[in-house]
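Asker: Next up, model30.cif (mmCIF, C-alpha atoms).
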```cif
data_input
#
loop_
_atom_site.label_atom_id
_atom_site.label_comp_id
_atom_site.auth_asym_id
_atom_site.auth_seq_id
_atom_site.Cartn_x
_atom_site.Cartn_y
_atom_site.Cartn_z
CA MET K 10 -13.15 -131.49 -50.54
CA LYS K 11 -15.91 -133.20 -52.48
CA VAL K 12 -17.31 -132.17 -55.87
CA LYS K 13 -20.06 -133.65 -58.04
CA VAL K 14 -18.84 -134.59 -61.51
CA LEU K 15 -21.15 -135.14 -64.49
CA PHE K 16 -20.45 -136.60 -67.94
CA PHE K 17 -22.59 -136.22 -71.04
CA ALA K 18 -23.10 -137.66 -74.53
CA ALA K 19 -20.16 -139.55 -76.08
CA LEU K 20 -18.06 -139.05 -72.91
CA ARG K 21 -20.80 -140.52 -70.73
CA GLU K 22 -20.89 -143.62 -72.95
CA GLN K 23 -17.11 -144.01 -73.18
CA LEU K 24 -16.69 -143.70 -69.42
CA GLY K 25 -19.76 -145.74 -68.51
CA SER K 26 -20.64 -143.07 -65.96
CA SER K 27 -23.06 -140.16 -65.92
CA ALA K 28 -22.35 -138.80 -62.43
CA GLU K 29 -20.14 -139.39 -59.44
CA GLU K 30 -19.06 -137.69 -56.22
CA ILE K 31 -15.31 -137.30 -56.07
CA GLU K 32 -13.18 -136.50 -53.05
CA LEU K 33 -10.41 -134.33 -54.47
CA PRO K 34 -6.88 -134.98 -53.23
CA SER K 35 -5.11 -131.89 -51.93
CA GLY K 36 -3.53 -130.05 -54.82
CA VAL K 37 -6.45 -130.73 -57.18
CA ALA K 38 -8.00 -127.27 -57.18
CA THR K 39 -8.84 -126.46 -60.81
CA VAL K 40 -10.87 -128.04 -63.60
CA ALA K 41 -7.66 -128.89 -65.47
CA ALA K 42 -6.24 -130.61 -62.37
CA LEU K 43 -9.46 -132.59 -61.94
CA ARG K 44 -9.22 -133.71 -65.57
CA SER K 45 -5.63 -134.88 -65.00
CA HIS K 46 -6.76 -136.67 -61.82
CA LEU K 47 -9.39 -138.55 -63.85
CA ILE K 48 -6.95 -139.33 -66.69
CA ALA K 49 -4.65 -140.94 -64.10
CA ARG K 50 -7.31 -143.64 -63.56
CA GLY K 51 -6.13 -145.09 -66.90
CA GLY K 52 -8.17 -147.20 -69.32
CA ALA K 53 -11.24 -145.48 -70.79
CA TRP K 54 -10.61 -142.44 -68.59
CA GLN K 55 -7.21 -141.93 -70.13
CA SER K 56 -8.38 -142.41 -73.72
CA ALA K 57 -11.57 -140.33 -73.44
CA LEU K 58 -10.14 -137.36 -71.54
CA ALA K 59 -6.53 -137.34 -72.84
CA GLU K 60 -4.91 -134.00 -73.61
CA GLY K 61 -5.68 -133.15 -77.22
CA LYS K 62 -9.23 -134.56 -77.04
CA LEU K 63 -11.79 -131.81 -77.47
CA VAL K 64 -13.49 -131.75 -74.09
CA ARG K 65 -15.64 -128.86 -72.87
CA MET K 66 -16.08 -128.17 -69.18
CA ALA K 67 -18.62 -126.40 -67.01
CA VAL K 68 -18.60 -125.40 -63.34
CA ASN K 69 -21.96 -124.90 -61.67
CA GLN K 70 -23.64 -124.93 -65.09
CA ASP K 71 -21.52 -122.20 -66.68
CA MET K 72 -18.91 -122.96 -69.36
CA ALA K 73 -15.51 -122.90 -67.65
CA LYS K 74 -11.87 -122.56 -68.66
CA PRO K 75 -9.34 -125.22 -67.60
CA SER K 76 -7.92 -122.74 -65.09
CA ALA K 77 -11.28 -122.31 -63.29
CA ALA K 78 -10.92 -122.85 -59.53
CA LEU K 79 -12.96 -125.49 -57.71
CA LYS K 80 -14.51 -125.34 -54.26
CA ALA K 81 -16.32 -127.90 -52.13
CA GLY K 82 -19.79 -128.75 -53.41
CA ASP K 83 -19.20 -127.56 -56.98
CA GLU K 84 -20.94 -129.28 -59.86
CA VAL K 85 -18.35 -129.93 -62.58
CA ALA K 86 -19.32 -131.30 -65.99
CA PHE K 87 -17.21 -132.72 -68.81
CA PHE K 88 -18.70 -133.11 -72.28
CA PRO K 89 -17.87 -133.04 -76.01
CA PRO K 90 -18.28 -129.82 -78.04
CA VAL K 91 -22.02 -129.14 -78.31
CA THR K 92 -24.07 -129.96 -81.41
CA GLY K 93 -27.57 -128.59 -80.85
CA GLY K 94 -29.66 -126.35 -83.08
CA MET H 3 -39.00 -113.62 -72.95
CA LYS H 4 -39.56 -117.34 -73.13
CA VAL H 5 -36.99 -120.15 -73.06
CA SER H 6 -38.21 -123.73 -73.24
CA VAL H 7 -36.48 -127.11 -73.54
CA GLN H 8 -39.12 -129.70 -74.32
CA ALA H 9 -39.81 -133.08 -75.94
CA GLN H 10 -43.07 -132.01 -77.57
CA ASP H 11 -43.44 -130.21 -80.89
CA PHE H 12 -44.26 -126.50 -81.08
CA ASP H 13 -46.64 -124.38 -83.16
CA ALA H 14 -44.31 -121.81 -84.74
CA GLY H 15 -47.20 -119.72 -86.08
CA ALA H 16 -48.79 -119.39 -82.66
CA GLU H 17 -45.41 -118.59 -81.04
CA ILE H 18 -44.69 -115.88 -83.63
CA ARG H 19 -48.17 -114.35 -83.35
CA ALA H 20 -47.72 -114.18 -79.57
CA LEU H 21 -44.65 -111.97 -80.11
CA SER H 22 -46.44 -109.34 -82.19
CA ARG H 23 -49.18 -108.28 -79.76
CA ASP H 24 -47.28 -105.27 -78.39
CA PRO H 25 -47.98 -102.24 -80.66
CA LYS H 26 -44.31 -101.19 -80.30
CA VAL H 27 -43.33 -104.31 -82.29
CA GLY H 28 -42.64 -103.56 -85.95
CA ALA H 29 -40.68 -106.67 -86.87
CA VAL H 30 -40.54 -110.32 -85.87
CA ALA H 31 -37.66 -112.39 -87.28
CA SER H 32 -37.69 -116.15 -86.78
CA PHE H 33 -35.61 -119.24 -87.49
CA ILE H 34 -36.79 -122.85 -87.43
CA GLY H 35 -34.29 -125.72 -87.45
CA VAL H 36 -35.58 -128.94 -89.05
CA VAL H 37 -34.23 -132.51 -88.92
CA ARG H 38 -32.54 -133.36 -92.23
CA GLU H 39 -32.25 -136.87 -93.73
CA ALA H 40 -31.47 -138.99 -90.65
CA GLY H 41 -33.41 -139.31 -87.44
CA MET H 42 -31.63 -138.48 -84.20
CA THR H 43 -31.85 -138.33 -80.45
CA LEU H 44 -31.01 -135.11 -78.65
CA GLU H 45 -29.38 -135.27 -75.23
CA HIS H 46 -28.93 -132.18 -73.04
CA TYR H 47 -27.66 -131.06 -69.65
CA PRO H 48 -30.82 -130.31 -67.64
CA GLY H 49 -30.46 -127.04 -65.75
CA MET H 50 -27.42 -125.78 -67.63
CA THR H 51 -29.30 -125.84 -70.94
CA GLU H 52 -32.01 -123.43 -69.79
CA ARG H 53 -29.39 -121.29 -68.04
CA ALA H 54 -27.18 -121.12 -71.16
CA LEU H 55 -30.12 -120.20 -73.40
CA GLN H 56 -31.22 -117.47 -70.97
CA LYS H 57 -27.69 -116.05 -70.93
CA ILE H 58 -27.61 -115.97 -74.74
CA VAL H 59 -30.96 -114.14 -74.83
CA ASP H 60 -29.71 -111.67 -72.20
CA GLU H 61 -26.57 -111.04 -74.26
CA ALA H 62 -28.72 -110.35 -77.35
CA ARG H 63 -30.86 -107.90 -75.33
CA GLY H 64 -27.71 -106.01 -74.41
CA ARG H 65 -26.70 -105.63 -78.05
CA TRP H 66 -29.97 -104.97 -79.88
CA GLN H 67 -33.46 -103.73 -79.22
CA VAL H 68 -35.28 -106.93 -78.29
CA LEU H 69 -38.86 -106.24 -77.20
CA ASP H 70 -39.65 -109.93 -76.79
CA CYS H 71 -38.09 -113.23 -77.69
CA THR H 72 -38.94 -116.95 -77.74
CA VAL H 73 -36.43 -119.80 -77.85
CA ILE H 74 -37.73 -123.38 -77.94
CA HIS H 75 -35.40 -126.37 -78.33
CA ARG H 76 -36.62 -129.95 -78.48
CA ILE H 77 -34.94 -132.98 -76.89
CA GLY H 78 -35.40 -136.73 -77.21
CA ALA H 79 -36.08 -138.74 -80.38
CA LEU H 80 -36.71 -136.77 -83.59
CA LYS H 81 -37.30 -137.96 -87.15
CA PRO H 82 -36.63 -136.33 -90.54
CA THR H 83 -38.77 -133.20 -91.16
CA ASP H 84 -39.41 -132.73 -87.41
CA GLN H 85 -38.85 -129.23 -86.07
CA ILE H 86 -35.89 -129.05 -83.64
CA VAL H 87 -35.52 -125.41 -82.68
CA LEU H 88 -37.35 -122.10 -82.90
CA VAL H 89 -35.81 -118.69 -82.30
CA ALA H 90 -38.13 -115.72 -82.77
CA VAL H 91 -37.26 -112.12 -81.93
CA ALA H 92 -39.60 -109.11 -81.81
CA SER H 93 -38.17 -105.64 -82.25
CA GLY H 94 -39.18 -102.19 -83.46
CA HIS H 95 -37.41 -102.63 -86.78
CA ARG H 96 -36.10 -105.49 -88.92
CA GLY H 97 -32.37 -104.79 -88.53
CA ASP H 98 -32.35 -105.55 -84.81
CA ALA H 99 -34.76 -108.48 -85.19
CA PHE H 100 -32.66 -110.17 -87.92
CA ALA H 101 -29.34 -109.60 -86.13
CA ALA H 102 -30.54 -110.76 -82.71
CA CYS H 103 -32.17 -113.87 -84.21
CA GLU H 104 -29.00 -114.87 -86.07
CA PHE H 105 -26.81 -114.12 -83.04
CA ILE H 106 -28.96 -116.28 -80.75
CA MET H 107 -28.81 -119.21 -83.21
CA ASP H 108 -25.03 -118.90 -83.67
CA TYR H 109 -24.43 -118.82 -79.92
CA LEU H 110 -26.92 -121.61 -79.25
CA LYS H 111 -24.95 -123.81 -81.68
CA THR H 112 -21.70 -123.36 -79.75
CA GLN H 113 -22.71 -122.59 -76.13
CA ALA H 114 -25.91 -124.49 -75.28
CA PRO H 115 -25.27 -128.05 -74.03
CA PHE H 116 -27.17 -130.19 -76.54
CA TRP H 117 -25.74 -133.24 -78.32
CA LYS H 118 -27.14 -135.03 -81.36
CA LYS H 119 -26.82 -138.78 -81.77
CA GLU H 120 -27.70 -140.40 -85.10
CA ALA H 121 -27.84 -144.13 -85.94
CA ALA H 122 -24.20 -143.82 -87.13
CA GLY H 123 -23.08 -142.31 -83.81
CA TRP H 124 -22.63 -138.96 -82.11
CA VAL H 125 -22.62 -135.94 -84.42
CA GLU H 126 -19.25 -134.12 -84.46
CA ALA H 127 -19.15 -130.38 -83.77
CA LYS H 128 -18.39 -128.28 -86.86
CA ALA H 129 -15.59 -125.74 -87.09
CA SER H 130 -17.93 -123.63 -89.26
CA ASP H 131 -20.26 -123.22 -86.26
CA ASP H 132 -17.36 -121.87 -84.15
CA LYS H 133 -16.53 -119.43 -86.96
CA ALA H 134 -20.14 -118.28 -87.18
CA ALA H 135 -20.16 -117.51 -83.45
CA GLU H 136 -16.72 -115.83 -83.58
CA ARG H 137 -17.89 -113.07 -85.90
CA TRP H 138 -20.12 -111.56 -83.18
CA LYS H 139 -17.17 -111.00 -80.81
#
```
If you convert what's in this file into structure tokens, what do you get?

Answerer:
Amino acid sequence: MKVKVLFFAALREQLGSSAEEIELPSGVATVAALRSHLIARGGAWQSALAEGKLVRMAVNQDMAKPSAALKAGDEVAFFPPVTGG
Amino acid sequence: MKVSVQAQDFDAGAEIRALSRDPKVGAVASFIGVVREAGMTLEHYPGMTERALQKIVDEARGRWQVLDCTVIHRIGALKPTDQIVLVAVASGHRGDAFAACEFIMDYLKTQAPFWKKEAAGWVEAKASDDKAAERWK
């Protein structure tokens, strides 16, 4: 299944990407699994998204936990902790 | 209820006056965030930002008497002394207006997808902001 993945702020700059469509391999069915899938690309992906880095996630524009399930067509976003206000 | 994410400045006086037209309103509490010292650029997540702010306002309405409410957050390039954010809450009495206004600001700081970038780089999130939001749980 395909999902749309967005990156914002420092993550967007580190990854050199603001959006991409990703075909998820079977077995990648949660936000945490998608993060691991991206980390496996190595390089900037590994350093920016590594476990221990503070990364917030949203699914369909709602904040989501790592265990949140994904379905085809979802919009998933990864970004640093927010700093508005 | 009004939620706006915009590049242009806002007239806080006019926004506050607009909240006190209903004769049931006895109190309007407001907060204005202002750029301190260094200029910055504010990035956001279009779509989710408005949705997150609306959810925060809805949560406040469930907890306190909120007769009307305005939340305006600016994006783009801002310089020192510029206004960044306005939260104004109209209620029957001051207790609900103060509490709802502070709650909305605390949640906005930790839940609404905005990011500040200064000349020195991206601003880091503060643990004190997480603590401020935690106390409303």

Asker: Can you give me, as a list of chain:residue names, the residues this file yields under the PyMOL selection byres ((chain K) within 9 of (chain H))?

Answerer: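 Applying the PyMOL selection byres ((chain K) within 9 of (chain H)) to the structure shown produces K:Phe17, K:Ala18, K:Ala19, K:Ala67, K:Asn69, K:Gln70, K:Asp71, K:Met72, K:Phe88, K:Pro89, K:Pro90, K:Val91, K:Thr92, K:Gly93, K:Gly94.
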
Asker: Near segment 23-33 of chain H, within 7 Å and counting all atoms listed in the file, which residues show up once chain neighbours fewer than 3 positions away are dropped, as a PyMOL selection string?

Answerer: chain H and resi 20+88-96+99-100+103

Asker: Could you check the closest approach to Ala135 of chain H for each of H:Ala121, H:Met3, H:Ile58, H:Cys71 and tell me which residue wins, using only C-alpha atoms?

Answerer: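 So, comparing all the options, the nearest one is H:Ile58.
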
Asker: Might you spell out which residues the PyMOL selection byres ((chain H and resi 38-41) around 8) would select in the displayed file, as a PyMOL selection string?

Answerer: chain H and resi 36-37+42-43+79-83+120-121

Asker: Using the chain letters and numbers from the file, which residues does the PyMOL selection byres ((chain K and resi 32-43) around 6) grab, as a list of chain:residue names?

Answerer: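 For this structure, the PyMOL selection byres ((chain K and resi 32-43) around 6) captures K:Met10, K:Lys11, K:Ile31, K:Arg44, K:Ser45, K:His46, K:Pro75, K:Ser76, K:Ala77, K:Ala78, K:Leu79.
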
Asker: Enter the distance from atom CA of Ile48 of chain K to atom CA of Gly61 of chain K, in Å, rounded to one decimal.

Answerer: 12.3 Å

Asker: For each of H:Gln8, H:Thr72, H:Gln85, H:Ser22, take the minimum atom-to-atom distance to Val59 of chain H, counting only C-alpha atoms, then give the residue where this is smallest.

Answerer: H:Thr72

Asker: Go through K:Val12, K:Leu47, K:Ala59, K:Val85 and flag the residue nearest Glu30 of chain K, using only C-alpha atoms for the distances.

Answerer: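 Looking only at the distances to Glu30 of chain K, the closest residue turns out to be K:Val12.
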
Asker: Atom CA of Ala57 of chain K and atom CA of Ser27 of chain K, how far apart in Å?

Answerer: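 Between these atoms lies a distance of 13.7 Å.
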
Asker: Find the spatial neighbours of Ser26 of chain K, counting only C-alpha atoms, within a cut-off of 12 Å - ignore same-chain residues fewer than 2 positions away - and output them as a CSV table (one decimal) with C-alpha atoms, keeping the file's coordinate frame.

Answerer:
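Dumped everything to around_9.csv:
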```csv
chain,number,residue,atom,x,y,z
K,14,VAL,CA,-18.8,-134.6,-61.5
K,15,LEU,CA,-21.2,-135.1,-64.5
K,16,PHE,CA,-20.4,-136.6,-67.9
K,17,PHE,CA,-22.6,-136.2,-71.0
K,18,ALA,CA,-23.1,-137.7,-74.5
K,19,ALA,CA,-20.2,-139.6,-76.1
K,20,LEU,CA,-18.1,-139.0,-72.9
K,21,ARG,CA,-20.8,-140.5,-70.7
K,22,GLU,CA,-20.9,-143.6,-73.0
K,23,GLN,CA,-17.1,-144.0,-73.2
K,24,LEU,CA,-16.7,-143.7,-69.4
K,28,ALA,CA,-22.4,-138.8,-62.4
K,29,GLU,CA,-20.1,-139.4,-59.4
K,30,GLU,CA,-19.1,-137.7,-56.2
K,53,ALA,CA,-11.2,-145.5,-70.8
K,54,TRP,CA,-10.6,-142.4,-68.6
K,86,ALA,CA,-19.3,-131.3,-66.0
K,87,PHE,CA,-17.2,-132.7,-68.8
K,88,PHE,CA,-18.7,-133.1,-72.3
```

Asker: Which distance in Å separates atom CA of Leu69 of chain H and atom CA of Gly97 of chain H, to one decimal?

Answerer: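 So the two atoms, atom CA of Leu69 of chain H and atom CA of Gly97 of chain H, lie 13.1 Å apart.
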
Asker: For a quick check of understanding, using only C-alpha atoms, which of H:Ala62, H:Ala122, H:Ala14, H:Val5 has the smallest distance to Ile106 of chain H?

Answerer: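 Closest residue, counting only C-alpha atoms: H:Ala62.
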
Asker: Can you put N, CA, C and O atoms back into segment 76-89 of chain K and show it as an mmCIF file, in the coordinates of the input?

Answerer:
```cif
data_model
loop_
_atom_site.group_PDB
_atom_site.id
_atom_site.type_symbol
_atom_site.label_atom_id
_atom_site.label_comp_id
_atom_site.auth_asym_id
_atom_site.auth_seq_id
_atom_site.Cartn_x
_atom_site.Cartn_y
_atom_site.Cartn_z
ATOM 1 N N SER K 76 -8.506 -123.350 -66.290
ATOM 2 C CA SER K 76 -7.920 -122.740 -65.090
ATOM 3 C C SER K 76 -8.952 -122.418 -64.005
ATOM 4 O O SER K 76 -8.587 -121.967 -62.921
ATOM 5 N N ALA K 77 -10.232 -122.661 -64.268
ATOM 6 C CA ALA K 77 -11.280 -122.310 -63.290
ATOM 7 C C ALA K 77 -11.051 -123.029 -61.965
ATOM 8 O O ALA K 77 -10.778 -124.234 -61.935
ATOM 9 N N ALA K 78 -11.150 -122.284 -60.865
ATOM 10 C CA ALA K 78 -10.920 -122.850 -59.530
ATOM 11 C C ALA K 78 -12.135 -123.645 -59.067
ATOM 12 O O ALA K 78 -13.271 -123.326 -59.421
ATOM 13 N N LEU K 79 -11.873 -124.672 -58.264
ATOM 14 C CA LEU K 79 -12.960 -125.490 -57.710
ATOM 15 C C LEU K 79 -13.059 -125.282 -56.212
ATOM 16 O O LEU K 79 -12.065 -125.042 -55.537
ATOM 17 N N LYS K 80 -14.304 -125.373 -55.711
ATOM 18 C CA LYS K 80 -14.510 -125.340 -54.260
ATOM 19 C C LYS K 80 -15.464 -126.471 -53.878
ATOM 20 O O LYS K 80 -16.144 -127.033 -54.749
ATOM 21 N N ALA K 81 -15.500 -126.783 -52.598
ATOM 22 C CA ALA K 81 -16.320 -127.900 -52.130
ATOM 23 C C ALA K 81 -17.767 -127.713 -52.566
ATOM 24 O O ALA K 81 -18.307 -126.607 -52.496
ATOM 25 N N GLY K 82 -18.378 -128.796 -53.040
ATOM 26 C CA GLY K 82 -19.790 -128.750 -53.410
ATOM 27 C C GLY K 82 -20.041 -128.334 -54.844
ATOM 28 O O GLY K 82 -21.193 -128.338 -55.291
ATOM 29 N N ASP K 83 -18.996 -127.968 -55.587
ATOM 30 C CA ASP K 83 -19.200 -127.560 -56.980
ATOM 31 C C ASP K 83 -19.731 -128.714 -57.818
ATOM 32 O O ASP K 83 -19.443 -129.881 -57.548
ATOM 33 N N GLU K 84 -20.489 -128.321 -58.858
ATOM 34 C CA GLU K 84 -20.940 -129.280 -59.860
ATOM 35 C C GLU K 84 -20.080 -129.060 -61.103
ATOM 36 O O GLU K 84 -20.132 -127.998 -61.711
ATOM 37 N N VAL K 85 -19.265 -130.053 -61.435
ATOM 38 C CA VAL K 85 -18.350 -129.930 -62.580
ATOM 39 C C VAL K 85 -18.816 -130.900 -63.659
ATOM 40 O O VAL K 85 -19.137 -132.049 -63.362
ATOM 41 N N ALA K 86 -18.879 -130.423 -64.901
ATOM 42 C CA ALA K 86 -19.320 -131.300 -65.990
ATOM 43 C C ALA K 86 -18.266 -131.342 -67.084
ATOM 44 O O ALA K 86 -17.631 -130.325 -67.388
ATOM 45 N N PHE K 87 -18.086 -132.530 -67.650
ATOM 46 C CA PHE K 87 -17.210 -132.720 -68.810
ATOM 47 C C PHE K 87 -18.076 -133.237 -69.952
ATOM 48 O O PHE K 87 -18.894 -134.144 -69.754
ATOM 49 N N PHE K 88 -17.899 -132.660 -71.142
ATOM 50 C CA PHE K 88 -18.700 -133.110 -72.280
ATOM 51 C C PHE K 88 -18.027 -132.742 -73.600
ATOM 52 O O PHE K 88 -17.150 -131.870 -73.631
ATOM 53 N N PRO K 89 -18.446 -133.373 -74.702
ATOM 54 C CA PRO K 89 -17.870 -133.040 -76.010
ATOM 55 C C PRO K 89 -18.393 -131.667 -76.467
ATOM 56 O O PRO K 89 -19.389 -131.185 -75.928
#
```
